[in-house]
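File shown here: start-v7.txt, holding compact mmCIF, C-alpha atoms.
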```txt
# COMPACT_ATOMS: atom_id res chain seq x y z
CA MET A 1 -20.96 -41.85 9.46
CA THR A 2 -19.27 -38.45 9.49
CA ARG A 3 -18.74 -36.97 6.03
CA ALA A 4 -15.85 -34.64 5.15
CA LEU A 5 -14.72 -32.58 2.18
CA ILE A 6 -11.10 -31.57 1.55
CA ALA A 7 -10.28 -28.43 -0.46
CA GLU A 8 -6.60 -28.34 -1.42
CA ASP A 9 -5.03 -27.29 -4.72
CA GLU A 10 -1.87 -29.37 -4.31
CA PRO A 11 -2.78 -33.02 -5.13
CA ILE A 12 0.03 -34.57 -3.10
CA LEU A 13 -0.89 -32.58 0.00
CA ALA A 14 -4.58 -33.40 -0.49
CA ALA A 15 -3.81 -37.12 -0.77
CA THR A 16 -1.54 -37.00 2.29
CA LEU A 17 -4.19 -35.23 4.35
CA ALA A 18 -6.86 -37.74 3.27
CA ARG A 19 -4.64 -40.72 4.04
CA THR A 20 -3.67 -39.37 7.48
CA LEU A 21 -7.29 -38.58 8.32
CA GLN A 22 -8.46 -42.06 7.38
CA GLY A 23 -5.78 -43.58 9.59
CA LEU A 24 -6.79 -41.43 12.56
CA TRP A 25 -10.54 -41.58 11.96
CA PRO A 26 -11.59 -44.88 10.32
CA GLY A 27 -15.26 -43.90 10.40
CA LEU A 28 -14.69 -40.72 8.39
CA ASP A 29 -16.07 -40.71 4.84
CA ILE A 30 -14.18 -38.25 2.62
CA VAL A 31 -16.90 -37.52 0.07
CA ALA A 32 -14.88 -35.26 -2.23
CA THR A 33 -11.58 -33.46 -2.76
CA ALA A 34 -11.87 -30.03 -4.39
CA PRO A 35 -8.90 -28.61 -6.35
CA ASN A 36 -9.85 -24.96 -5.78
CA GLY A 37 -12.17 -22.70 -3.83
CA VAL A 38 -14.86 -22.34 -6.50
CA VAL A 39 -15.30 -26.11 -6.81
CA ALA A 40 -15.21 -26.46 -3.02
CA VAL A 41 -18.25 -24.18 -2.63
CA GLU A 42 -20.33 -26.07 -5.20
CA GLN A 43 -19.35 -29.49 -3.85
CA ALA A 44 -20.07 -28.46 -0.27
CA LEU A 45 -23.52 -27.15 -1.19
CA ALA A 46 -24.31 -30.30 -3.18
CA LEU A 47 -22.90 -32.89 -0.76
CA ARG A 48 -23.57 -31.18 2.61
CA PRO A 49 -20.57 -32.61 4.51
CA ASP A 50 -20.26 -32.45 8.28
CA VAL A 51 -16.65 -31.23 8.20
CA LEU A 52 -14.64 -29.08 5.79
CA PHE A 53 -10.85 -29.03 5.59
CA LEU A 54 -10.05 -25.81 3.73
CA ASP A 55 -6.66 -24.72 2.51
CA ILE A 56 -6.29 -21.00 3.18
CA ARG A 57 -4.57 -20.18 -0.12
CA MET A 58 -6.26 -21.66 -3.17
CA PRO A 59 -6.90 -20.52 -6.76
CA GLY A 60 -10.24 -18.85 -7.42
CA GLN A 61 -11.22 -18.37 -3.80
CA SER A 62 -9.29 -18.63 -0.56
CA GLY A 63 -10.41 -20.95 2.21
CA LEU A 64 -11.73 -17.93 4.10
CA GLU A 65 -13.73 -16.80 1.07
CA VAL A 66 -15.13 -20.32 0.65
CA ALA A 67 -16.31 -20.34 4.26
CA GLU A 68 -17.79 -16.85 3.86
CA GLU A 69 -19.76 -17.76 0.73
CA LEU A 70 -21.02 -20.97 2.30
CA ALA A 71 -22.22 -19.05 5.35
CA GLU A 72 -24.32 -16.88 3.01
CA ARG A 73 -25.69 -19.70 0.87
CA TRP A 74 -26.11 -22.52 3.39
CA GLU A 75 -29.79 -23.31 3.90
CA GLY A 76 -31.85 -26.32 4.87
CA PRO A 77 -31.96 -28.80 7.71
CA ALA A 78 -28.29 -29.83 7.58
CA PRO A 79 -26.27 -27.87 10.20
CA PHE A 80 -23.46 -25.62 9.04
CA PRO A 81 -20.30 -27.75 8.80
CA HIS A 82 -17.41 -27.63 11.19
CA ILE A 83 -14.39 -26.07 9.50
CA VAL A 84 -10.69 -26.78 9.86
CA PHE A 85 -8.34 -24.38 8.07
CA VAL A 86 -5.12 -25.81 6.68
CA THR A 87 -2.59 -23.01 6.63
CA ALA A 88 1.01 -22.06 6.06
CA PHE A 89 0.29 -18.56 7.36
CA ASP A 90 2.58 -16.54 9.59
CA ASP A 91 2.31 -16.34 13.37
CA TYR A 92 -0.19 -13.46 13.34
CA ALA A 93 -2.80 -15.64 11.61
CA VAL A 94 -2.18 -18.57 13.94
CA GLN A 95 -2.91 -16.24 16.87
CA ALA A 96 -6.29 -15.45 15.34
CA PHE A 97 -7.15 -19.10 14.81
CA GLU A 98 -6.17 -19.95 18.39
CA HIS A 99 -8.82 -17.53 19.68
CA ALA A 100 -11.53 -18.43 17.16
CA ALA A 101 -14.24 -21.07 16.98
CA PHE A 102 -12.41 -22.76 14.10
CA ASP A 103 -9.60 -25.26 14.34
CA TYR A 104 -6.49 -25.14 12.18
CA VAL A 105 -3.53 -27.30 11.22
CA LEU A 106 -0.24 -26.08 9.83
CA LYS A 107 1.49 -27.31 6.69
CA PRO A 108 3.16 -29.73 6.51
CA VAL A 109 0.39 -31.51 8.43
CA SER A 110 1.63 -33.55 11.37
CA SER A 111 -0.21 -36.70 12.45
CA ALA A 112 -0.01 -35.68 16.12
CA ARG A 113 -1.55 -32.25 15.55
CA LEU A 114 -4.22 -33.64 13.24
CA GLY A 115 -5.03 -36.24 15.89
CA LYS A 116 -5.93 -33.44 18.33
CA THR A 117 -8.11 -31.85 15.69
CA VAL A 118 -9.91 -35.15 15.10
CA GLU A 119 -10.57 -35.51 18.83
CA ARG A 120 -12.09 -32.02 18.98
CA LEU A 121 -14.22 -32.63 15.91
CA ARG A 122 -15.55 -35.95 17.15
CA GLY A 123 -16.38 -34.40 20.51
CA ALA A 124 -18.23 -31.50 18.92
CA LEU A 125 -20.14 -33.80 16.56
CA GLU A 126 -21.12 -36.19 19.35
CA ALA A 127 -22.31 -33.26 21.47
CA ARG A 128 -24.16 -31.90 18.42
CA THR A 129 -22.46 -28.55 18.95
CA ALA A 130 -23.36 -26.30 16.03
CA LEU A 131 -20.94 -23.75 14.63
CA ALA A 132 -22.46 -20.28 14.30
CA PRO A 133 -21.63 -18.73 10.90
CA ASP A 134 -21.04 -15.32 12.50
CA ALA A 135 -17.98 -16.82 14.19
CA LEU A 136 -16.35 -16.45 10.79
CA GLY A 137 -16.90 -12.67 10.92
CA GLN A 138 -15.17 -12.57 14.29
CA LEU A 139 -12.24 -14.56 12.85
CA LEU A 140 -11.94 -12.18 9.89
CA GLY A 141 -11.89 -9.27 12.33
CA GLN A 142 -9.14 -10.95 14.36
CA LEU A 143 -7.06 -11.52 11.24
CA GLN A 144 -7.44 -7.91 10.16
CA ALA A 145 -6.51 -6.64 13.62
CA LEU A 146 -3.41 -8.82 13.87
CA ALA A 147 -2.18 -8.49 10.28
CA PRO A 148 1.02 -6.54 9.69
CA ARG A 149 0.12 -2.93 8.98
CA ALA A 150 0.53 -1.86 5.37
CA ALA A 151 0.79 1.75 4.30
CA PRO A 152 -2.72 3.20 4.61
CA SER A 153 -4.61 3.66 1.35
CA GLU A 154 -5.49 7.19 0.39
CA ARG A 155 -9.10 7.86 1.31
CA LEU A 156 -11.51 8.44 -1.54
CA THR A 157 -13.42 11.69 -1.37
CA THR A 158 -15.01 11.66 -4.82
CA ILE A 159 -15.96 8.87 -7.20
CA ARG A 160 -15.85 9.46 -10.95
CA ALA A 161 -18.51 7.41 -12.74
CA ALA A 162 -19.40 7.39 -16.42
CA VAL A 163 -23.11 8.00 -17.03
CA GLY A 164 -23.79 7.91 -20.75
CA ASN A 165 -21.46 10.40 -22.40
CA ALA A 166 -20.90 12.33 -19.17
CA VAL A 167 -18.70 11.75 -16.13
CA ARG A 168 -20.51 12.18 -12.85
CA MET A 169 -18.60 13.30 -9.74
CA ILE A 170 -20.10 11.58 -6.68
CA PRO A 171 -19.01 12.72 -3.19
CA VAL A 172 -18.29 9.57 -1.18
CA PRO A 173 -20.43 10.68 1.83
CA ASP A 174 -23.44 10.77 -0.55
CA VAL A 175 -23.13 7.05 -1.31
CA VAL A 176 -25.76 4.92 0.44
CA TYR A 177 -24.20 1.61 -0.56
CA PHE A 178 -21.85 -0.10 -3.01
CA GLN A 179 -22.81 -3.38 -4.65
CA ALA A 180 -20.56 -5.64 -6.71
CA ILE A 181 -22.10 -6.72 -10.02
CA ASP A 182 -19.85 -8.98 -12.10
CA LYS A 183 -16.75 -6.89 -12.97
CA TYR A 184 -18.39 -3.64 -11.89
CA VAL A 185 -19.49 -1.92 -8.69
CA ASN A 186 -22.85 -0.17 -8.58
CA VAL A 187 -22.53 3.14 -6.69
CA VAL A 188 -25.94 3.92 -5.19
CA THR A 189 -26.93 7.32 -3.80
CA ALA A 190 -30.33 8.44 -2.54
CA ASP A 191 -31.43 9.55 -6.01
CA ALA A 192 -29.24 7.78 -8.57
CA GLU A 193 -27.02 4.84 -9.49
CA ALA A 194 -23.81 4.59 -11.51
CA LEU A 195 -21.42 1.79 -12.46
CA ILE A 196 -17.66 1.92 -11.98
CA ARG A 197 -15.17 -0.67 -13.20
CA VAL A 198 -13.33 -1.20 -9.93
CA PRO A 199 -13.45 -4.49 -7.96
CA LEU A 200 -15.07 -4.15 -4.56
CA LYS A 201 -11.93 -5.59 -2.94
CA GLU A 202 -9.87 -2.70 -4.33
CA LEU A 203 -12.45 -0.09 -3.41
CA LEU A 204 -12.98 -1.16 0.20
CA PRO A 205 -9.50 -0.21 1.56
CA GLN A 206 -9.98 3.31 0.17
CA LEU A 207 -13.16 3.88 2.20
CA ASP A 208 -13.41 5.08 5.79
CA SER A 209 -13.96 1.86 7.75
CA ALA A 210 -15.78 3.77 10.48
CA GLN A 211 -18.38 4.91 7.95
CA PHE A 212 -18.56 2.08 5.39
CA ARG A 213 -18.95 -1.52 6.49
CA GLN A 214 -19.15 -4.71 4.48
CA VAL A 215 -22.41 -6.56 5.18
CA SER A 216 -22.06 -9.35 2.61
CA ARG A 217 -19.54 -10.52 0.01
CA SER A 218 -21.09 -8.15 -2.54
CA THR A 219 -22.40 -5.20 -0.50
CA VAL A 220 -20.82 -2.36 1.49
CA VAL A 221 -23.15 0.09 3.22
CA ASN A 222 -22.81 3.61 4.57
CA MET A 223 -23.58 3.05 8.25
CA GLY A 224 -24.87 6.62 8.53
CA CYS A 225 -27.67 5.65 6.13
CA VAL A 226 -28.79 2.54 8.08
CA THR A 227 -32.03 3.37 9.92
CA SER A 228 -32.85 -0.12 11.21
CA ALA A 229 -31.81 -3.78 11.14
CA VAL A 230 -34.65 -6.31 11.26
CA ARG A 231 -34.32 -10.06 11.86
CA ASP A 232 -37.03 -12.13 10.18
CA ASP A 233 -38.57 -15.43 11.36
CA LEU A 234 -35.72 -17.39 9.74
CA GLY A 235 -33.11 -15.33 11.56
CA LYS A 236 -31.98 -13.39 8.49
CA VAL A 237 -31.09 -9.73 9.04
CA MET A 238 -32.32 -7.09 6.59
CA LEU A 239 -31.32 -3.41 6.61
CA THR A 240 -33.52 -0.38 6.03
CA LEU A 241 -31.62 2.45 4.34
CA ARG A 242 -32.39 6.15 4.40
CA GLY A 243 -33.48 7.33 0.96
CA ARG A 244 -33.56 3.90 -0.72
CA PRO A 245 -36.32 1.26 -1.05
CA GLU A 246 -33.90 -1.70 -1.22
CA LYS A 247 -33.38 -3.75 1.91
CA PRO A 248 -29.93 -5.36 1.68
CA ARG A 249 -29.59 -8.74 3.32
CA VAL A 250 -26.80 -9.08 5.89
CA SER A 251 -24.67 -12.20 5.58
CA PRO A 252 -24.59 -14.36 8.73
CA VAL A 253 -20.86 -13.63 8.77
CA TYR A 254 -21.54 -9.94 9.50
CA ALA A 255 -24.79 -10.24 11.47
CA HIS A 256 -22.95 -9.67 14.78
CA LEU A 257 -22.32 -6.05 13.70
CA PHE A 258 -26.03 -5.31 14.08
CA ARG A 259 -26.95 -7.23 17.24
CA GLN A 260 -27.24 -4.08 19.35
CA MET A 261 -29.55 -2.52 16.77
```
Target encoding structure tokens, full file:
Amino acid sequence: MTRALIAEDEPILAATLARTLQGLWPGLDIVATAPNGVVAVEQALALRPDVLFLDIRMPGQSGLEVAEELAERWEGPAPFPHIVFVTAFDDYAVQAFEHAAFDYVLKPVSSARLGKTVERLRGALEARTALAPDALGQLLGQLQALAPRAAPSERLTTIRAAVGNAVRMIPVPDVVYFQAIDKYVNVVTADAEALIRVPLKELLPQLDSAQFRQVSRSTVVNMGCVTSAVRDDLGKVMLTLRGRPEKPRVSPVYAHLFRQM
């Protein structure tokens, strides 16, 4: 029996989606309904469903963030689940989903559209077609490329970080990588580290995207400091960085950025 998890913060919409799915797919076992993104991640890792229906906009974590975290943490014999995004997004996002490996349905969910999704899912499951986690990275790239352009953020040239009683001025090109740690970001250079109280999400738009690339939910690296990318026997990609002994792990979501290396 195919097992599914629904993540939707509006109870009425979650119940409607579950009821419509059960009418269209009698053999589907809905193992859980998560009220937010954080719970969805933990339930998915514990229950290992075959299919996820993820609302794009949820408290705690968005559906995209849920999928991204699962791609990083999913291990074991169970294949990565097929994902259907439930969205009320604008046309630009729908364009991205239409060219991605993921299916989507629009709110309010129509029985006819969901029926097509069910047909695709059943076909993929019968054919044992696995979904590659790095397809999520390609979807994120599509969304970013198609999103309405906001005013560009001013590029950071220097980072001010408190070190003891002093304030250290760190030129951005000297940074080897940034790593999110709780409410802080660790700024790592070849010879030192310093904490700043700025969320990684706020810092990233201020960096030159040609030089700094996100390689996991918590790590952004200076591509000029990457000397090699090595894939181990389990298929996990690790980076070697100039001037640092750490070897950051690349999330499967971003592994396609290093295929040529």
Next on the checklist: The residues within 8 Å of (-1.0, -22.8, 9.7), using all atoms listed in the file and the coordinates of the file, should be reported as a ChimeraX atom specification; which are they?
Outcome noted: /A:85-90,93-94,104-107
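Going from CA of Val253 (chain A) to CA of Ala190 (chain A) covers 26.5 Å.
Proximity to Pro205 (chain A) was assessed for A:Leu241, A:Ile181, A:Leu156, A:Leu131 counting only C-alpha atoms; the smallest distance is recorded for A:Leu156.
Atom pair CA of Asp232 (chain A) / CA of His256 (chain A): separated by 15.0 Å.
Between CA of Arg73 (chain A) and CA of Arg48 (chain A) there is a distance of 11.8 Å.
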Next on the checklist: Taking 6 positions as the minimum chain separation for residues in the same chain, which residues sit within 12 Å of Thr129 (chain A) when counting all atoms listed in the file? Answer as a list in words.
Outcome noted: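 The residues that qualify are Asp50, Pro79, Phe80, Pro81, His82, Ala101, Arg120, Leu121, Arg122 and Gly123 of chain A.
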Write out, as CSV, each residue of region 58-79 of chain A that has an atom at most 9 Å from region 7-11 of chain A, together with the closest pair of atoms and their distance in Å to one decimal, counting all atoms listed in the file, rows going by chain and rising number.
```
residue,atom,partner,partner_atom,distance
A:Met58,CA,A:Asp9,CA,6.0
A:Pro59,CA,A:Asp9,CA,7.3
A:Gly63,CA,A:Ala7,CA,7.9
```
If you count all atoms listed in the file, which residues fall within 8 Å of Ala100 (chain A), apart from same-chain ones fewer than 4 positions away, as a JSON list (two decimals) with C-alpha atoms, keeping the file's coordinate frame?
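Generated output (result_35.json):
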```json
[["chain", "number", "residue", "atom", "x", "y", "z"],
["A", 96, "ALA", "CA", -6.29, -15.45, 15.34],
["A", 135, "ALA", "CA", -17.98, -16.82, 14.19],
["A", 138, "GLN", "CA", -15.17, -12.57, 14.29],
["A", 139, "LEU", "CA", -12.24, -14.56, 12.85]]
```
Item to check | Nearest to Glu119 (chain A) by atom-to-atom distance, counting only C-alpha atoms, from A:Arg217, A:Leu204, A:Trp25, A:Ala78 | outcome: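 Of the candidates, the smallest distance to Glu119 (chain A) is held by A:Trp25.
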Item to check | Selection near region 40-44 of chain A, 7 Å with all atoms listed in the file, sequence-local residues under 6 positions removed, as JSON, numbers by chain | outcome: {"A": [7, 34, 66, 70]}
Item to check | Nearest to Arg160 (chain A), chosen from A:Val176, A:Leu21, A:Leu140, A:Ala194, with only C-alpha atoms counted in the distances | outcome: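 For Arg160 (chain A), the nearest of the candidates is A:Ala194.
Nearest-residue note for Asp134 (chain A): choosing from A:Ser209, A:Ser111, A:Thr16, A:Ser216, the minimum distance belongs to A:Ser216, counting all atoms listed in the file.
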Checklist entry - Which residues, written as a ChimeraX atom specification, have at least one atom at most 7 Å from region 218-226 of chain A, with only C-alpha atoms counted and residues fewer than 4 positions away on the same chain left out? => result /A:175-180,211-214,239-242
Checklist entry - What's the 8 Å shell around Thr157 (chain A), counting all atoms listed in the file, without same-chain residues fewer than 4 positions away, as a PyMOL selection string? => result chain A and resi 171-173
Item to check | Point (-31.2, -3.7, 14.1), cut-off 6 Å, counting only C-alpha atoms, residues as a ChimeraX atom specification | outcome: /A:228-230,258,261
Checklist entry - A:Gly164, A:Val118, A:Leu203, A:Ala192: which is nearest Gly23 (chain A), counting all atoms listed in the file? => result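 Counting all atoms listed in the file, the residue closest to Gly23 (chain A) is A:Val118.
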